[in-house]
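Next up, input_24.cif (mmCIF, C-alpha atoms):
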```cif
data_target
loop_
_atom_site.label_atom_id
_atom_site.label_comp_id
_atom_site.auth_asym_id
_atom_site.auth_seq_id
_atom_site.Cartn_x
_atom_site.Cartn_y
_atom_site.Cartn_z
CA MET A 140 -7.21 6.97 -30.25
CA THR A 141 -7.27 8.06 -26.61
CA VAL A 142 -5.09 11.07 -25.90
CA ILE A 143 -3.90 11.52 -22.33
CA ASP A 144 -4.83 14.93 -20.96
CA TRP A 145 -1.79 15.85 -18.87
CA GLY A 146 -3.40 19.11 -17.85
CA TYR A 147 -6.28 17.21 -16.30
CA ILE A 148 -3.84 15.06 -14.33
CA LEU A 149 -2.09 18.17 -13.00
CA ALA A 150 -5.43 19.69 -12.02
CA ALA A 151 -6.41 16.51 -10.18
CA PHE A 152 -3.02 16.14 -8.49
CA PRO A 153 -3.94 17.97 -5.23
CA ASP A 154 -6.99 15.72 -4.76
CA LEU A 155 -4.89 12.65 -5.44
CA MET A 156 -2.31 13.78 -2.87
CA ARG A 157 -5.03 14.17 -0.25
CA GLY A 158 -6.19 10.67 -1.07
CA LEU A 159 -2.61 9.44 -0.83
CA GLY A 160 -2.33 11.02 2.61
CA MET A 161 -5.29 8.98 3.79
CA THR A 162 -3.83 5.84 2.19
CA LEU A 163 -0.53 6.31 4.00
CA MET A 164 -2.21 7.10 7.32
CA VAL A 165 -4.45 4.03 7.36
CA SER A 166 -1.64 1.83 6.05
CA LEU A 167 0.96 2.98 8.58
CA LEU A 168 -1.40 2.43 11.51
CA ALA A 169 -2.35 -1.00 10.20
CA ILE A 170 1.31 -1.94 9.69
CA LEU A 171 2.17 -0.93 13.25
CA PHE A 172 -0.80 -2.70 14.84
CA SER A 173 -0.41 -5.81 12.70
CA LEU A 174 3.27 -6.16 13.60
CA LEU A 175 2.41 -5.98 17.30
CA LEU A 176 -0.49 -8.39 16.88
CA GLY A 177 1.71 -10.66 14.77
CA LEU A 178 4.34 -10.81 17.51
CA ALA A 179 1.72 -11.59 20.14
CA GLY A 180 0.05 -14.17 17.92
CA CYS A 181 3.38 -15.81 17.12
CA ALA A 182 4.16 -16.06 20.84
CA LEU A 183 0.85 -17.84 21.38
CA ARG A 184 1.37 -19.99 18.30
CA VAL A 185 4.69 -21.36 19.58
CA SER A 186 3.79 -21.25 23.29
CA GLY A 187 3.21 -24.99 23.54
CA ILE A 188 -0.21 -24.33 25.10
CA ARG A 189 -2.36 -26.37 22.74
CA PRO A 190 -5.66 -24.44 22.94
CA LEU A 191 -3.88 -21.13 22.29
CA SER A 192 -1.66 -22.61 19.59
CA TYR A 193 -4.65 -24.18 17.81
CA ALA A 194 -6.63 -20.94 18.14
CA MET A 195 -3.84 -18.97 16.43
CA ARG A 196 -3.49 -21.61 13.74
CA GLY A 197 -7.23 -21.45 13.09
CA TYR A 198 -7.11 -17.65 12.97
CA VAL A 199 -4.30 -17.68 10.43
CA GLU A 200 -6.00 -20.27 8.22
CA PHE A 201 -9.33 -18.43 8.37
CA ILE A 202 -7.88 -15.05 7.41
CA ARG A 203 -5.61 -16.45 4.71
CA GLY A 204 -8.40 -18.62 3.32
CA THR A 205 -11.13 -15.98 2.94
CA PRO A 206 -11.35 -13.05 0.50
CA TYR A 207 -10.05 -9.80 1.89
CA LEU A 208 -13.03 -7.84 0.57
CA VAL A 209 -15.36 -10.10 2.53
CA GLN A 210 -13.32 -9.41 5.67
CA ILE A 211 -13.70 -5.66 5.11
CA PHE A 212 -17.47 -5.99 4.73
CA PHE A 213 -17.67 -8.11 7.86
CA VAL A 214 -15.79 -5.51 9.90
CA PHE A 215 -17.79 -2.57 8.54
CA TYR A 216 -21.26 -4.11 8.20
CA GLY A 217 -21.11 -7.18 10.43
CA LEU A 218 -19.53 -5.89 13.64
CA PRO A 219 -22.21 -3.20 14.23
CA SER A 220 -24.85 -5.94 14.46
CA LEU A 221 -22.74 -7.46 17.24
CA GLY A 222 -22.57 -4.16 19.09
CA PHE A 223 -19.19 -2.94 17.81
CA THR A 224 -19.58 0.19 15.71
CA LEU A 225 -16.48 1.80 14.22
CA SER A 226 -15.97 4.76 11.93
CA ILE A 227 -15.03 4.17 8.30
CA PHE A 228 -11.41 5.04 9.08
CA TRP A 229 -11.02 2.69 12.04
CA SER A 230 -12.94 -0.05 10.24
CA GLY A 231 -10.33 0.20 7.50
CA VAL A 232 -7.46 0.12 9.97
CA LEU A 233 -8.94 -2.90 11.75
CA ALA A 234 -9.60 -4.82 8.53
CA LEU A 235 -6.06 -4.23 7.28
CA THR A 236 -4.61 -5.12 10.68
CA ILE A 237 -6.52 -8.40 10.86
CA TRP A 238 -5.42 -9.39 7.37
CA ALA A 239 -1.74 -8.47 7.76
CA SER A 240 -1.34 -9.91 11.27
CA ALA A 241 -2.21 -13.41 10.04
CA PHE A 242 0.69 -13.29 7.59
CA HIS A 243 3.03 -11.75 10.14
CA ILE A 244 2.30 -14.57 12.60
CA GLU A 245 3.50 -17.14 10.09
CA SER A 246 6.49 -15.02 9.05
CA PHE A 247 7.65 -14.66 12.64
CA ARG A 248 7.01 -18.34 13.37
CA ALA A 249 9.13 -19.32 10.37
CA GLY A 250 11.83 -16.93 11.55
CA LEU A 251 11.91 -18.58 14.96
CA ALA A 252 12.01 -22.02 13.35
CA SER A 253 15.15 -20.98 11.46
CA VAL A 254 17.11 -20.77 14.72
CA GLY A 255 18.85 -24.12 14.92
CA ARG A 256 19.17 -26.26 17.99
CA GLU A 257 22.92 -25.69 18.00
CA MET A 258 22.31 -22.02 18.83
CA HIS A 259 20.36 -23.02 21.92
CA ASP A 260 23.14 -25.42 22.91
CA ALA A 261 25.80 -22.74 22.37
CA SER A 262 23.89 -20.28 24.55
CA ALA A 263 23.52 -22.87 27.27
CA SER A 264 27.25 -23.60 27.17
CA LEU A 265 27.94 -19.88 27.64
CA GLY A 266 25.57 -19.73 30.59
CA LEU A 267 23.06 -17.40 28.94
CA ARG A 268 19.69 -17.31 30.64
CA ARG A 269 16.43 -17.45 28.71
CA LEU A 270 15.88 -13.68 28.31
CA PRO A 271 19.43 -12.80 27.15
CA HIS A 272 19.34 -15.82 24.84
CA ALA A 273 16.06 -14.65 23.32
CA LEU A 274 17.19 -11.04 22.88
CA LEU A 275 20.81 -11.55 21.85
CA VAL A 276 20.67 -14.81 19.90
CA VAL A 277 17.17 -15.78 18.80
CA ALA A 278 15.76 -12.34 17.93
CA PRO A 279 18.53 -11.22 15.49
CA ILE A 280 18.52 -14.52 13.62
CA ALA A 281 14.72 -14.74 13.51
CA LEU A 282 14.38 -11.12 12.37
CA ARG A 283 16.87 -11.64 9.56
CA SER A 284 15.01 -14.73 8.35
CA ALA A 285 11.53 -13.22 8.66
CA LEU A 286 12.31 -9.84 7.08
CA PRO A 287 11.69 -10.71 3.39
CA SER A 288 8.21 -12.15 4.00
CA THR A 289 7.43 -9.40 6.49
CA LEU A 290 8.34 -6.81 3.87
CA ASN A 291 6.04 -8.54 1.37
CA THR A 292 3.17 -8.27 3.87
CA VAL A 293 3.90 -4.60 4.51
CA VAL A 294 3.79 -3.93 0.77
CA GLY A 295 0.58 -5.95 0.51
CA THR A 296 -0.96 -3.90 3.31
CA ILE A 297 -0.38 -0.68 1.40
CA LYS A 298 -1.76 -2.12 -1.84
CA ASN A 299 -4.77 -3.68 -0.12
CA SER A 300 -5.73 -0.29 1.30
CA ALA A 301 -7.25 0.34 -2.15
CA TYR A 302 -10.05 -2.08 -1.26
CA LEU A 303 -11.20 0.29 1.47
CA GLN A 304 -12.80 2.51 -1.13
CA ALA A 305 -15.57 -0.12 -1.12
CA ILE A 306 -16.72 1.11 2.32
CA GLY A 307 -16.34 4.78 1.46
CA LEU A 308 -12.90 5.61 2.83
CA VAL A 309 -11.64 8.60 0.86
CA GLU A 310 -8.22 7.17 0.04
CA LEU A 311 -6.29 7.30 -3.22
CA THR A 312 -8.39 4.84 -5.23
CA PHE A 313 -11.65 6.35 -3.95
CA VAL A 314 -10.55 9.80 -5.14
CA ALA A 315 -9.67 8.43 -8.58
CA VAL A 316 -12.95 6.55 -8.96
CA ASP A 317 -14.91 9.60 -7.78
CA ARG A 318 -13.20 11.82 -10.36
CA ILE A 319 -13.92 9.25 -13.06
CA ALA A 320 -17.62 9.25 -12.11
CA GLN A 321 -17.66 13.04 -12.52
CA ASP A 322 -15.40 13.61 -15.52
CA PHE A 323 -15.14 10.19 -17.25
CA ARG A 324 -11.35 10.48 -17.48
CA SER A 325 -10.59 6.88 -16.54
CA THR A 326 -7.30 6.61 -18.43
CA GLU A 327 -5.79 9.63 -16.72
CA MET A 328 -6.97 8.67 -13.25
CA PHE A 329 -6.01 5.01 -13.30
CA LEU A 330 -2.65 5.81 -14.89
CA SER A 331 -2.02 8.43 -12.21
CA ILE A 332 -2.79 6.21 -9.24
CA CYS A 333 -0.80 3.32 -10.73
CA VAL A 334 2.25 5.57 -10.89
CA ILE A 335 1.65 6.91 -7.36
CA TYR A 336 1.22 3.42 -5.88
CA LEU A 337 4.34 2.25 -7.74
CA VAL A 338 6.45 5.12 -6.39
CA VAL A 339 5.27 4.44 -2.82
CA ILE A 340 5.84 0.68 -3.07
CA LEU A 341 9.28 1.10 -4.64
CA GLY A 342 10.21 3.48 -1.84
CA VAL A 343 9.07 1.08 0.87
CA SER A 344 10.80 -1.84 -0.86
CA ALA A 345 14.05 0.13 -1.11
CA LEU A 346 13.96 0.86 2.62
CA GLY A 347 13.23 -2.80 3.35
CA HIS A 348 16.07 -4.03 1.16
CA ARG A 349 18.44 -1.53 2.77
CA LEU A 350 17.50 -2.91 6.21
CA GLU A 351 17.94 -6.44 4.89
CA ARG A 352 21.45 -5.65 3.62
CA ARG A 353 22.30 -4.09 6.96
CA LEU A 354 21.19 -7.20 8.84
CA ASN A 355 23.10 -9.42 6.42
CA ARG A 356 26.32 -7.42 6.73
CA PRO A 357 27.80 -9.54 9.59
CA TYR A 358 27.30 -12.63 7.41
CA GLY A 359 28.73 -11.12 4.23
CA SER A 360 32.04 -12.92 4.44
CA ARG A 361 30.45 -16.33 4.94
#
```
Would you encode the structure as structure tokens?
Amino acid sequence: MTVIDWGYILAAFPDLMRGLGMTLMVSLLAILFSLLLGLAGCALRVSGIRPLSYAMRGYVEFIRGTPYLVQIFFVFYGLPSLGFTLSIFWSGVLALTIWASAFHIESFRAGLASVGREMHDASASLGLRRLPHALLVVAPIALRSALPSTLNTVVGTIKNSAYLQAIGLVELTFVAVDRIAQDFRSTEMFLSICVIYLVVILGVSALGHRLERRLNRPYGSR
């Protein structure tokens, strides 16, 4: 029977924390960039300009329809042959950003679609121009509707950062696998990173749900 060596886990904890730091850094940058790219892509998707709208639709379908690991390998190994060479870190950020932005585009588009025609008519009757209408009416409703799926994508971005160990990024999973290769303590290492990932994801989810409750507060009595 396998006995868990808690002392080994404690000894490996500093290395795991350094790996976690890299995981959080690459994930946070990818979340930020993917949200910005998702907003821009959504604007193009709903712009009514057919070539741009079709291009965004094709981008979303391509990213969502291909394995994420293949996308990582394309960014890290394929882009240099096209003249675009990135470090391991920025290759990881770019790969995560590309993946997450495709899901954000659809989340934001669905959020905009949730704004009913009656809201546009009400704004027009109040004399609101396009910009105030977009900021004061459309954006709050769309954000509230898109938040759950956006939160899912943010969580997925953090979890998918584990794939970046395949290109040599020294993040949490890479550290665990490297320790296993040296010490053959797979149970301790995989148990440790499962717990660490779970704590991080639960923390992010709690913050997301708190924001969701805050946005839903004006509608609580309805």
>> Once the PyMOL selection byres ((chain A and resi 314) around 10) is applied to the coordinates I shared, what remains selected? I want it as a list in words.
In response: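 Selected by the PyMOL selection byres ((chain A and resi 314) around 10) here: Ala151, Asp154, Leu155, Met156, Arg157, Gly158, Leu159, Gln304, Leu308, Val309, Glu310, Leu311, Thr312, Phe313, Ala315, Val316, Asp317, Arg318, Ile319, Ala320, Met328 and Ile332 of chain A.
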>> Could you check the closest approach to A:Trp145 for each of A:Val199, A:Leu221, A:Leu330, A:Ala345 and tell me which residue wins, using all atoms listed in the file?
In response: A:Leu330
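Between atom CA of A:Ile335 and atom CA of A:Phe152 the separation is 10.4 Å.
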>> Which residues would end up in the selection if the PyMOL selection byres ((chain A and resi 176) around 9) were applied here, given that I need the answer as a PyMOL selection string?
In response: chain A and resi 171-175+177-181+236-237+240-241+243-244
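In this comparison, which uses only C-alpha atoms, the residue of A:Glu327, A:Glu351, A:Glu200, A:Asp322 approaching A:Glu245 most closely is A:Glu200.
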>> Using only C-alpha atoms, which protein or nucleic acid residues come within 7 Å of A:Ser166? Drop anything in the same chain fewer than 3 positions from it, and give the result as JSON, numbers by chain.
In response: {"A": [162, 163, 169, 170, 296, 297, 300]}
Store the residues picked out above, limited to C-alpha atoms, as a PDB file, in the coordinates of the input.
```
ATOM      1  CA  THR A 162      -3.830   5.840   2.190  1.00  0.00           C
ATOM      2  CA  LEU A 163      -0.530   6.310   4.000  1.00  0.00           C
ATOM      3  CA  ALA A 169      -2.350  -1.000  10.200  1.00  0.00           C
ATOM      4  CA  ILE A 170       1.310  -1.940   9.690  1.00  0.00           C
ATOM      5  CA  THR A 296      -0.960  -3.900   3.310  1.00  0.00           C
ATOM      6  CA  ILE A 297      -0.380  -0.680   1.400  1.00  0.00           C
ATOM      7  CA  SER A 300      -5.730  -0.290   1.300  1.00  0.00           C
TER       8      SER A 300
END
```
>> Translate the PyMOL selection byres ((chain A and resi 229) around 10) into a concrete residue list for this structure, as an MDAnalysis selection string.
In response: chainID A and resid 165 168:169 214:215 224:228 230:235 308
>> Under the rule that all atoms listed in the file are counted, which of A:Ser325, A:Asn355, A:Asn299, A:Thr292 is the nearest residue to A:Gln210?
In response: A:Asn299
> For the atom pair atom CA of A:Trp238 and atom CA of A:Ile202, what is the interatomic distance in Å to one decimal place?
Replying inline: 6.2 Å
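Between A:Arg184 and the candidates A:Ser331, A:Ser220, A:Ser246, A:Asn291, the tightest atom-to-atom separation, counting all atoms listed in the file, involves A:Ser246.
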> Between atom CA of A:Pro206 and atom CA of A:Gly295, what is the spacing in Å?
Replying inline: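 Value for the atom CA of A:Gly295-atom CA of A:Pro206 distance: 13.9 Å.
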> Of the candidates A:Ser186, A:Gly250, A:Leu167, A:Tyr193, which shows the shortest atom-to-atom distance to A:Val293, using all atoms listed in the file?
Replying inline: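 Selected residue with least distance to A:Val293: A:Leu167.
Counting all atoms listed in the file and comparing A:Arg324, A:Phe201, A:Tyr216, A:Pro287, the residue that lies closest to A:Val142 is A:Arg324.
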> Got a sec: who's within 9 Å of A:Ala305, counting all atoms listed in the file, leaving out chain neighbours fewer than 6 positions off, as a PyMOL selection string?
Replying inline: chain A and resi 208+211-212+313
